[in-house]
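Coordinates from protein-v5.cif are shown below (mmCIF, N, CA and C atoms).
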data_run
loop_
_atom_site.label_atom_id
_atom_site.label_comp_id
_atom_site.auth_asym_id
_atom_site.auth_seq_id
_atom_site.Cartn_x
_atom_site.Cartn_y
_atom_site.Cartn_z
N MET Q 1 -14.24 -3.12 -41.19
CA MET Q 1 -12.98 -2.73 -41.78
C MET Q 1 -12.64 -3.72 -42.89
N SER Q 2 -12.25 -3.20 -44.04
CA SER Q 2 -11.94 -4.05 -45.18
C SER Q 2 -10.55 -4.67 -45.05
N SER Q 3 -10.33 -5.68 -45.86
CA SER Q 3 -9.02 -6.33 -45.90
C SER Q 3 -7.94 -5.34 -46.31
N GLU Q 4 -8.26 -4.46 -47.25
CA GLU Q 4 -7.28 -3.45 -47.69
C GLU Q 4 -6.93 -2.49 -46.56
N ASP Q 5 -7.93 -2.10 -45.76
CA ASP Q 5 -7.67 -1.23 -44.61
C ASP Q 5 -6.76 -1.91 -43.60
N ILE Q 6 -6.99 -3.18 -43.38
CA ILE Q 6 -6.16 -3.93 -42.44
C ILE Q 6 -4.72 -4.01 -42.95
N GLN Q 7 -4.56 -4.24 -44.23
CA GLN Q 7 -3.21 -4.32 -44.79
C GLN Q 7 -2.48 -2.99 -44.66
N LYS Q 8 -3.19 -1.88 -44.90
CA LYS Q 8 -2.59 -0.55 -44.74
C LYS Q 8 -2.17 -0.32 -43.29
N LYS Q 9 -3.01 -0.74 -42.36
CA LYS Q 9 -2.68 -0.58 -40.94
C LYS Q 9 -1.51 -1.46 -40.55
N LEU Q 10 -1.46 -2.67 -41.10
CA LEU Q 10 -0.33 -3.56 -40.83
C LEU Q 10 0.97 -2.95 -41.34
N ILE Q 11 0.95 -2.42 -42.55
CA ILE Q 11 2.15 -1.80 -43.10
C ILE Q 11 2.58 -0.62 -42.23
N LYS Q 12 1.63 0.19 -41.82
CA LYS Q 12 1.95 1.34 -40.96
C LYS Q 12 2.52 0.85 -39.63
N LEU Q 13 1.93 -0.19 -39.05
CA LEU Q 13 2.43 -0.75 -37.80
C LEU Q 13 3.86 -1.27 -37.97
N LEU Q 14 4.13 -1.97 -39.05
CA LEU Q 14 5.48 -2.50 -39.27
C LEU Q 14 6.51 -1.38 -39.36
N PHE Q 15 6.15 -0.28 -40.01
CA PHE Q 15 7.10 0.82 -40.11
C PHE Q 15 7.22 1.59 -38.79
N ALA Q 16 6.18 1.56 -37.98
CA ALA Q 16 6.31 2.12 -36.62
C ALA Q 16 7.28 1.26 -35.81
N ILE Q 17 7.23 -0.05 -36.00
CA ILE Q 17 8.17 -0.96 -35.34
C ILE Q 17 9.59 -0.69 -35.82
N LYS Q 18 9.74 -0.46 -37.12
CA LYS Q 18 11.07 -0.15 -37.66
C LYS Q 18 11.65 1.09 -36.98
N LYS Q 19 10.83 2.11 -36.83
CA LYS Q 19 11.31 3.36 -36.26
C LYS Q 19 11.65 3.22 -34.78
N ARG Q 20 10.84 2.50 -34.03
CA ARG Q 20 11.04 2.33 -32.58
C ARG Q 20 10.84 0.87 -32.17
N PRO Q 21 11.76 0.00 -32.54
CA PRO Q 21 11.57 -1.42 -32.26
C PRO Q 21 11.42 -1.76 -30.78
N LEU Q 22 12.11 -1.05 -29.91
CA LEU Q 22 12.03 -1.39 -28.49
C LEU Q 22 10.70 -0.98 -27.87
N LEU Q 23 9.95 -0.15 -28.54
CA LEU Q 23 8.62 0.20 -28.06
C LEU Q 23 7.64 -0.96 -28.24
N TYR Q 24 7.89 -1.78 -29.26
CA TYR Q 24 6.99 -2.89 -29.60
C TYR Q 24 7.58 -4.27 -29.32
N LEU Q 25 8.89 -4.40 -29.40
CA LEU Q 25 9.56 -5.69 -29.27
C LEU Q 25 10.53 -5.64 -28.09
N THR Q 26 11.01 -6.78 -27.67
CA THR Q 26 11.99 -6.81 -26.58
C THR Q 26 13.38 -6.39 -27.04
N ARG Q 27 13.62 -6.52 -28.36
CA ARG Q 27 14.90 -6.11 -28.93
C ARG Q 27 14.74 -6.00 -30.45
N ARG Q 28 15.71 -5.38 -31.11
CA ARG Q 28 15.71 -5.26 -32.57
C ARG Q 28 16.14 -6.61 -33.14
N SER Q 29 15.17 -7.43 -33.42
CA SER Q 29 15.44 -8.82 -33.77
C SER Q 29 14.40 -9.34 -34.76
N ILE Q 30 14.87 -10.05 -35.78
CA ILE Q 30 13.96 -10.66 -36.73
C ILE Q 30 13.09 -11.71 -36.05
N LEU Q 31 13.63 -12.41 -35.05
CA LEU Q 31 12.85 -13.43 -34.35
C LEU Q 31 11.77 -12.80 -33.48
N SER Q 32 12.07 -11.67 -32.87
CA SER Q 32 11.06 -10.95 -32.10
C SER Q 32 9.98 -10.40 -33.04
N LEU Q 33 10.39 -9.91 -34.20
CA LEU Q 33 9.42 -9.42 -35.18
C LEU Q 33 8.53 -10.55 -35.66
N SER Q 34 9.11 -11.72 -35.87
CA SER Q 34 8.33 -12.89 -36.27
C SER Q 34 7.30 -13.25 -35.21
N ASP Q 35 7.71 -13.25 -33.95
CA ASP Q 35 6.77 -13.54 -32.85
C ASP Q 35 5.66 -12.50 -32.78
N PHE Q 36 6.03 -11.24 -32.93
CA PHE Q 36 5.04 -10.16 -32.91
C PHE Q 36 4.03 -10.35 -34.04
N TYR Q 37 4.53 -10.63 -35.24
CA TYR Q 37 3.65 -10.82 -36.39
C TYR Q 37 2.74 -12.03 -36.19
N GLY Q 38 3.28 -13.11 -35.62
CA GLY Q 38 2.46 -14.28 -35.33
C GLY Q 38 1.32 -13.96 -34.37
N GLY Q 39 1.62 -13.17 -33.34
CA GLY Q 39 0.59 -12.74 -32.41
C GLY Q 39 -0.44 -11.84 -33.08
N PHE Q 40 0.03 -10.96 -33.94
CA PHE Q 40 -0.86 -10.08 -34.69
C PHE Q 40 -1.84 -10.91 -35.52
N CYS Q 41 -1.31 -11.90 -36.24
CA CYS Q 41 -2.16 -12.75 -37.08
C CYS Q 41 -3.17 -13.55 -36.25
N SER Q 42 -2.73 -14.04 -35.11
CA SER Q 42 -3.66 -14.79 -34.24
C SER Q 42 -4.80 -13.90 -33.78
N ALA Q 43 -4.47 -12.68 -33.39
CA ALA Q 43 -5.52 -11.74 -32.96
C ALA Q 43 -6.43 -11.38 -34.13
N LEU Q 44 -5.84 -11.17 -35.28
CA LEU Q 44 -6.62 -10.80 -36.46
C LEU Q 44 -7.59 -11.92 -36.84
N MET Q 45 -7.14 -13.16 -36.76
CA MET Q 45 -7.99 -14.29 -37.13
C MET Q 45 -9.20 -14.42 -36.21
N ALA Q 46 -9.06 -13.97 -34.97
CA ALA Q 46 -10.20 -14.02 -34.05
C ALA Q 46 -11.31 -13.08 -34.48
N TYR Q 47 -10.95 -11.97 -35.12
CA TYR Q 47 -11.93 -10.97 -35.52
C TYR Q 47 -12.26 -11.00 -37.00
N MET Q 48 -11.30 -11.41 -37.81
CA MET Q 48 -11.50 -11.47 -39.26
C MET Q 48 -10.88 -12.75 -39.79
N PRO Q 49 -11.57 -13.88 -39.64
CA PRO Q 49 -10.97 -15.17 -39.98
C PRO Q 49 -10.58 -15.33 -41.45
N ASN Q 50 -11.12 -14.52 -42.35
CA ASN Q 50 -10.78 -14.65 -43.77
C ASN Q 50 -9.57 -13.84 -44.18
N ASP Q 51 -9.04 -13.01 -43.29
CA ASP Q 51 -7.89 -12.18 -43.62
C ASP Q 51 -6.66 -12.74 -42.93
N ARG Q 52 -5.69 -13.17 -43.69
CA ARG Q 52 -4.50 -13.80 -43.14
C ARG Q 52 -3.24 -12.98 -43.39
N GLY Q 53 -3.37 -11.68 -43.58
CA GLY Q 53 -2.18 -10.86 -43.80
C GLY Q 53 -1.56 -11.10 -45.16
N TRP Q 54 -2.36 -10.99 -46.20
CA TRP Q 54 -1.89 -11.31 -47.55
C TRP Q 54 -0.63 -10.54 -47.95
N ILE Q 55 -0.44 -9.35 -47.45
CA ILE Q 55 0.73 -8.56 -47.86
C ILE Q 55 2.02 -9.27 -47.42
N ILE Q 56 2.02 -9.84 -46.24
CA ILE Q 56 3.21 -10.56 -45.76
C ILE Q 56 3.36 -11.89 -46.51
N ASN Q 57 2.25 -12.52 -46.86
CA ASN Q 57 2.35 -13.75 -47.65
C ASN Q 57 2.97 -13.45 -49.01
N GLU Q 58 2.54 -12.37 -49.64
CA GLU Q 58 3.12 -11.98 -50.92
C GLU Q 58 4.58 -11.60 -50.77
N PHE Q 59 4.91 -10.90 -49.69
CA PHE Q 59 6.29 -10.54 -49.43
C PHE Q 59 7.14 -11.79 -49.21
N GLY Q 60 6.57 -12.77 -48.52
CA GLY Q 60 7.28 -14.04 -48.32
C GLY Q 60 7.60 -14.72 -49.65
N SER Q 61 6.67 -14.68 -50.58
CA SER Q 61 6.92 -15.25 -51.91
C SER Q 61 8.02 -14.48 -52.63
N PHE Q 62 8.02 -13.16 -52.48
CA PHE Q 62 9.05 -12.29 -53.05
C PHE Q 62 10.44 -12.70 -52.54
N ILE Q 63 10.53 -12.95 -51.23
CA ILE Q 63 11.81 -13.34 -50.62
C ILE Q 63 12.19 -14.77 -51.04
N ARG Q 64 11.22 -15.68 -51.07
CA ARG Q 64 11.52 -17.06 -51.49
C ARG Q 64 12.02 -17.10 -52.94
N ASP Q 65 11.48 -16.24 -53.79
CA ASP Q 65 11.95 -16.18 -55.18
C ASP Q 65 13.41 -15.73 -55.24
N LYS Q 66 13.83 -14.88 -54.31
CA LYS Q 66 15.22 -14.42 -54.26
C LYS Q 66 16.16 -15.48 -53.69
N HIS Q 67 15.61 -16.37 -52.87
CA HIS Q 67 16.42 -17.39 -52.19
C HIS Q 67 15.76 -18.77 -52.33
N PRO Q 68 15.68 -19.29 -53.56
CA PRO Q 68 14.97 -20.56 -53.77
C PRO Q 68 15.59 -21.73 -53.01
N GLU Q 69 16.87 -21.62 -52.69
CA GLU Q 69 17.53 -22.70 -51.94
C GLU Q 69 17.00 -22.80 -50.51
N LEU Q 70 16.30 -21.77 -50.05
CA LEU Q 70 15.75 -21.75 -48.69
C LEU Q 70 14.23 -21.73 -48.68
N GLU Q 71 13.62 -22.15 -49.78
CA GLU Q 71 12.17 -22.05 -49.91
C GLU Q 71 11.39 -22.85 -48.85
N TYR Q 72 12.05 -23.77 -48.20
CA TYR Q 72 11.40 -24.58 -47.16
C TYR Q 72 11.24 -23.80 -45.85
N LEU Q 73 11.91 -22.64 -45.74
CA LEU Q 73 11.82 -21.81 -44.52
C LEU Q 73 10.76 -20.72 -44.69
N ASP Q 74 10.29 -20.21 -43.57
CA ASP Q 74 9.37 -19.06 -43.65
C ASP Q 74 10.17 -17.79 -43.90
N LEU Q 75 9.47 -16.74 -44.21
CA LEU Q 75 10.06 -15.45 -44.54
C LEU Q 75 11.10 -15.00 -43.52
N PHE Q 76 10.73 -15.04 -42.26
CA PHE Q 76 11.60 -14.53 -41.20
C PHE Q 76 12.87 -15.36 -41.06
N ASN Q 77 12.74 -16.67 -41.17
CA ASN Q 77 13.90 -17.54 -41.04
C ASN Q 77 14.81 -17.49 -42.27
N ILE Q 78 14.25 -17.22 -43.44
CA ILE Q 78 15.10 -17.02 -44.62
C ILE Q 78 15.99 -15.81 -44.38
N LEU Q 79 15.40 -14.70 -43.93
CA LEU Q 79 16.19 -13.49 -43.69
C LEU Q 79 17.22 -13.71 -42.59
N TYR Q 80 16.85 -14.46 -41.57
CA TYR Q 80 17.78 -14.79 -40.49
C TYR Q 80 18.95 -15.61 -41.03
N GLU Q 81 18.64 -16.56 -41.88
CA GLU Q 81 19.66 -17.43 -42.47
C GLU Q 81 20.62 -16.63 -43.36
N VAL Q 82 20.08 -15.79 -44.24
CA VAL Q 82 20.95 -15.05 -45.16
C VAL Q 82 21.71 -13.92 -44.46
N SER Q 83 21.33 -13.61 -43.23
CA SER Q 83 22.03 -12.61 -42.43
C SER Q 83 23.02 -13.25 -41.47
N ASP Q 84 23.42 -14.48 -41.78
CA ASP Q 84 24.39 -15.21 -40.96
C ASP Q 84 23.97 -15.32 -39.50
N HIS Q 85 22.68 -15.53 -39.27
CA HIS Q 85 22.11 -15.73 -37.94
C HIS Q 85 22.31 -14.51 -37.03
N ASP Q 86 22.37 -13.35 -37.63
CA ASP Q 86 22.45 -12.09 -36.88
C ASP Q 86 21.04 -11.49 -36.86
N GLU Q 87 20.39 -11.54 -35.69
CA GLU Q 87 19.00 -11.12 -35.58
C GLU Q 87 18.78 -9.66 -35.93
N ALA Q 88 19.68 -8.78 -35.50
CA ALA Q 88 19.53 -7.36 -35.78
C ALA Q 88 19.75 -7.07 -37.27
N LYS Q 89 20.74 -7.72 -37.85
CA LYS Q 89 21.01 -7.55 -39.28
C LYS Q 89 19.81 -8.05 -40.11
N ALA Q 90 19.23 -9.16 -39.71
CA ALA Q 90 18.06 -9.71 -40.41
C ALA Q 90 16.85 -8.79 -40.24
N PHE Q 91 16.71 -8.17 -39.08
CA PHE Q 91 15.64 -7.20 -38.83
C PHE Q 91 15.76 -6.05 -39.83
N ASP Q 92 16.96 -5.51 -39.97
CA ASP Q 92 17.20 -4.42 -40.92
C ASP Q 92 16.95 -4.87 -42.36
N LEU Q 93 17.39 -6.09 -42.68
CA LEU Q 93 17.18 -6.63 -44.01
C LEU Q 93 15.69 -6.78 -44.32
N PHE Q 94 14.90 -7.18 -43.32
CA PHE Q 94 13.45 -7.29 -43.50
C PHE Q 94 12.91 -5.98 -44.06
N PHE Q 95 13.28 -4.87 -43.44
CA PHE Q 95 12.73 -3.59 -43.86
C PHE Q 95 13.31 -3.10 -45.18
N GLU Q 96 14.57 -3.40 -45.45
CA GLU Q 96 15.14 -3.06 -46.76
C GLU Q 96 14.37 -3.78 -47.87
N GLU Q 97 14.19 -5.07 -47.68
CA GLU Q 97 13.49 -5.88 -48.67
C GLU Q 97 12.00 -5.53 -48.74
N PHE Q 98 11.40 -5.23 -47.59
CA PHE Q 98 9.98 -4.90 -47.57
C PHE Q 98 9.73 -3.59 -48.32
N GLU Q 99 10.59 -2.62 -48.14
CA GLU Q 99 10.47 -1.36 -48.89
C GLU Q 99 10.62 -1.61 -50.39
N SER Q 100 11.56 -2.45 -50.75
CA SER Q 100 11.74 -2.80 -52.16
C SER Q 100 10.49 -3.47 -52.72
N PHE Q 101 9.93 -4.39 -51.96
CA PHE Q 101 8.72 -5.09 -52.36
C PHE Q 101 7.55 -4.12 -52.51
N LEU Q 102 7.35 -3.25 -51.52
CA LEU Q 102 6.23 -2.31 -51.58
C LEU Q 102 6.37 -1.37 -52.78
N THR Q 103 7.58 -0.91 -53.03
CA THR Q 103 7.84 -0.04 -54.18
C THR Q 103 7.50 -0.76 -55.47
N LYS Q 104 7.94 -2.00 -55.59
CA LYS Q 104 7.66 -2.81 -56.78
C LYS Q 104 6.15 -2.98 -56.99
N GLU Q 105 5.42 -3.11 -55.89
CA GLU Q 105 3.97 -3.31 -55.97
C GLU Q 105 3.19 -2.00 -56.07
N GLY Q 106 3.90 -0.87 -56.00
CA GLY Q 106 3.23 0.43 -56.07
C GLY Q 106 2.46 0.79 -54.82
N ILE Q 107 2.90 0.27 -53.68
CA ILE Q 107 2.23 0.52 -52.40
C ILE Q 107 3.01 1.59 -51.65
N GLU Q 108 2.30 2.56 -51.14
CA GLU Q 108 2.93 3.69 -50.44
C GLU Q 108 3.61 3.23 -49.16
N ILE Q 109 4.81 3.75 -48.94
CA ILE Q 109 5.58 3.46 -47.73
C ILE Q 109 5.30 4.57 -46.72
N PRO Q 110 4.84 4.21 -45.52
CA PRO Q 110 4.56 5.23 -44.50
C PRO Q 110 5.82 6.00 -44.12
N CYS Q 111 5.64 7.26 -43.80
CA CYS Q 111 6.75 8.12 -43.40
C CYS Q 111 6.53 8.55 -41.96
N PHE Q 112 7.55 8.39 -41.13
CA PHE Q 112 7.49 8.77 -39.72
C PHE Q 112 8.63 9.71 -39.38
N ASP Q 113 8.74 10.81 -40.11
CA ASP Q 113 9.84 11.75 -39.87
C ASP Q 113 9.77 12.44 -38.53
N LYS Q 114 8.60 12.62 -38.02
CA LYS Q 114 8.46 13.37 -36.76
C LYS Q 114 8.33 12.47 -35.58
#
Mind turning this structure into structure tokens?
Amino acid sequence: MSSEDIQKKLIKLLFAIKKRPLLYLTRRSILSLSDFYGGFCSALMAYMPNDRGWIINEFGSFIRDKHPELEYLDLFNILYEVSDHDEAKAFDLFFEEFESFLTKEGIEIPCFDK
């Protein structure tokens, strides 16, 4: 499986989490999403050590550019901070910003209407 295929699957997985967060996470929370993503990356590195989830790294740079005063934090903690430490609000903000980022990059956003 190519790096591009993995990135497409990661994007699809993230939007599946957006649609049904309690199916994948313990609660609708940016911190739970961060833990899930960390586990995903650890598993991915065991099978594909050269792929580190570049799409999220690029998205992190996109968010850091919007909030340079918080550049010392990771993506998830920046969103948590700008959401006044409201985990659910930061979770929603992650997906709002991620959709904006994907659109800017010309990357298709998965649709889960059904």
Among chain Q, which ones does DSSP assign to alpha helix (DSSP H) (computed from the backbone)? Answer as a PyMOL selection string. chain Q and resi 3-19+21-24+30-47+54-66+75-82+87-105
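Taking atom C of Glu108 in chain Q as the reference point, atom N of His85 in chain Q is found at 28.5 Å.
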Evaluating the PyMOL selection byres (((chain Q and resi 78-83 and name CA) around 12) and name CA) on the displayed file yields which residues, as an MDAnalysis selection string? chainID Q and resid 29:34 59:77 84:98
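Taking CA of Ser3 in chain Q as the reference point, CA of Gly106 in chain Q is found at 17.3 Å.
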Could you state the separation of atom N of Pro21 in chain Q and atom C of Tyr47 in chain Q in Å, given to one decimal place?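 Atom C of Tyr47 in chain Q lies at a distance of 26.8 Å from atom N of Pro21 in chain Q.
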Distance criterion (only C-alpha atoms): nearest to Cys41 in chain Q out of Q:Glu58, Q:Thr26, Q:Arg20, Q:Ile6: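 Smallest separation from Cys41 in chain Q among the options: Q:Ile6.
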Residues picked by the PyMOL selection byres (((chain Q and resi 16 and name CA) around 12) and name CA) here, as a list of chain:residue names? Q:Lys9, Q:Leu10, Q:Ile11, Q:Lys12, Q:Leu13, Q:Leu14, Q:Phe15, Q:Ile17, Q:Lys18, Q:Lys19, Q:Arg20, Q:Pro21, Q:Leu22, Q:Leu23, Q:Tyr24, Q:Leu25, Q:Phe95, Q:Ile109, Q:Pro110, Q:Cys111, Q:Phe112, Q:Asp113, Q:Lys114
Can you spit out the residues from that selection as a PDB file, in the frame of the given file, using N, CA and C atoms?
ATOM      1  N   LYS Q   9      -3.010  -0.740 -42.360  1.00  0.00           N
ATOM      2  CA  LYS Q   9      -2.680  -0.580 -40.940  1.00  0.00           C
ATOM      3  C   LYS Q   9      -1.510  -1.460 -40.550  1.00  0.00           C
ATOM      4  N   LEU Q  10      -1.460  -2.670 -41.100  1.00  0.00           N
ATOM      5  CA  LEU Q  10      -0.330  -3.560 -40.830  1.00  0.00           C
ATOM      6  C   LEU Q  10       0.970  -2.950 -41.340  1.00  0.00           C
ATOM      7  N   ILE Q  11       0.950  -2.420 -42.550  1.00  0.00           N
ATOM      8  CA  ILE Q  11       2.150  -1.800 -43.100  1.00  0.00           C
ATOM      9  C   ILE Q  11       2.580  -0.620 -42.230  1.00  0.00           C
ATOM     10  N   LYS Q  12       1.630   0.190 -41.820  1.00  0.00           N
ATOM     11  CA  LYS Q  12       1.950   1.340 -40.960  1.00  0.00           C
ATOM     12  C   LYS Q  12       2.520   0.850 -39.630  1.00  0.00           C
ATOM     13  N   LEU Q  13       1.930  -0.190 -39.050  1.00  0.00           N
ATOM     14  CA  LEU Q  13       2.430  -0.750 -37.800  1.00  0.00           C
ATOM     15  C   LEU Q  13       3.860  -1.270 -37.970  1.00  0.00           C
ATOM     16  N   LEU Q  14       4.130  -1.970 -39.050  1.00  0.00           N
ATOM     17  CA  LEU Q  14       5.480  -2.500 -39.270  1.00  0.00           C
ATOM     18  C   LEU Q  14       6.510  -1.380 -39.360  1.00  0.00           C
ATOM     19  N   PHE Q  15       6.150  -0.280 -40.010  1.00  0.00           N
ATOM     20  CA  PHE Q  15       7.100   0.820 -40.110  1.00  0.00           C
ATOM     21  C   PHE Q  15       7.220   1.590 -38.790  1.00  0.00           C
ATOM     22  N   ILE Q  17       7.230  -0.050 -36.000  1.00  0.00           N
ATOM     23  CA  ILE Q  17       8.170  -0.960 -35.340  1.00  0.00           C
ATOM     24  C   ILE Q  17       9.590  -0.690 -35.820  1.00  0.00           C
ATOM     25  N   LYS Q  18       9.740  -0.460 -37.120  1.00  0.00           N
ATOM     26  CA  LYS Q  18      11.070  -0.150 -37.660  1.00  0.00           C
ATOM     27  C   LYS Q  18      11.650   1.090 -36.980  1.00  0.00           C
ATOM     28  N   LYS Q  19      10.830   2.110 -36.830  1.00  0.00           N
ATOM     29  CA  LYS Q  19      11.310   3.360 -36.260  1.00  0.00           C
ATOM     30  C   LYS Q  19      11.650   3.220 -34.780  1.00  0.00           C
ATOM     31  N   ARG Q  20      10.840   2.500 -34.030  1.00  0.00           N
ATOM     32  CA  ARG Q  20      11.040   2.330 -32.580  1.00  0.00           C
ATOM     33  C   ARG Q  20      10.840   0.870 -32.170  1.00  0.00           C
ATOM     34  N   PRO Q  21      11.760   0.000 -32.540  1.00  0.00           N
ATOM     35  CA  PRO Q  21      11.570  -1.420 -32.260  1.00  0.00           C
ATOM     36  C   PRO Q  21      11.420  -1.760 -30.780  1.00  0.00           C
ATOM     37  N   LEU Q  22      12.110  -1.050 -29.910  1.00  0.00           N
ATOM     38  CA  LEU Q  22      12.030  -1.390 -28.490  1.00  0.00           C
ATOM     39  C   LEU Q  22      10.700  -0.980 -27.870  1.00  0.00           C
ATOM     40  N   LEU Q  23       9.950  -0.150 -28.540  1.00  0.00           N
ATOM     41  CA  LEU Q  23       8.620   0.200 -28.060  1.00  0.00           C
ATOM     42  C   LEU Q  23       7.640  -0.960 -28.240  1.00  0.00           C
ATOM     43  N   TYR Q  24       7.890  -1.780 -29.260  1.00  0.00           N
ATOM     44  CA  TYR Q  24       6.990  -2.890 -29.600  1.00  0.00           C
ATOM     45  C   TYR Q  24       7.580  -4.270 -29.320  1.00  0.00           C
ATOM     46  N   LEU Q  25       8.890  -4.400 -29.400  1.00  0.00           N
ATOM     47  CA  LEU Q  25       9.560  -5.690 -29.270  1.00  0.00           C
ATOM     48  C   LEU Q  25      10.530  -5.640 -28.090  1.00  0.00           C
ATOM     49  N   PHE Q  95      13.280  -4.870 -43.440  1.00  0.00           N
ATOM     50  CA  PHE Q  95      12.730  -3.590 -43.860  1.00  0.00           C
ATOM     51  C   PHE Q  95      13.310  -3.100 -45.180  1.00  0.00           C
ATOM     52  N   ILE Q 109       4.810   3.750 -48.940  1.00  0.00           N
ATOM     53  CA  ILE Q 109       5.580   3.460 -47.730  1.00  0.00           C
ATOM     54  C   ILE Q 109       5.300   4.570 -46.720  1.00  0.00           C
ATOM     55  N   PRO Q 110       4.840   4.210 -45.520  1.00  0.00           N
ATOM     56  CA  PRO Q 110       4.560   5.230 -44.500  1.00  0.00           C
ATOM     57  C   PRO Q 110       5.820   6.000 -44.120  1.00  0.00           C
ATOM     58  N   CYS Q 111       5.640   7.260 -43.800  1.00  0.00           N
ATOM     59  CA  CYS Q 111       6.750   8.120 -43.400  1.00  0.00           C
ATOM     60  C   CYS Q 111       6.530   8.550 -41.960  1.00  0.00           C
ATOM     61  N   PHE Q 112       7.550   8.390 -41.130  1.00  0.00           N
ATOM     62  CA  PHE Q 112       7.490   8.770 -39.720  1.00  0.00           C
ATOM     63  C   PHE Q 112       8.630   9.710 -39.380  1.00  0.00           C
ATOM     64  N   ASP Q 113       8.740  10.810 -40.110  1.00  0.00           N
ATOM     65  CA  ASP Q 113       9.840  11.750 -39.870  1.00  0.00           C
ATOM     66  C   ASP Q 113       9.770  12.440 -38.530  1.00  0.00           C
ATOM     67  N   LYS Q 114       8.600  12.620 -38.020  1.00  0.00           N
ATOM     68  CA  LYS Q 114       8.460  13.370 -36.760  1.00  0.00           C
ATOM     69  C   LYS Q 114       8.330  12.470 -35.580  1.00  0.00           C
TER      70      LYS Q 114
END
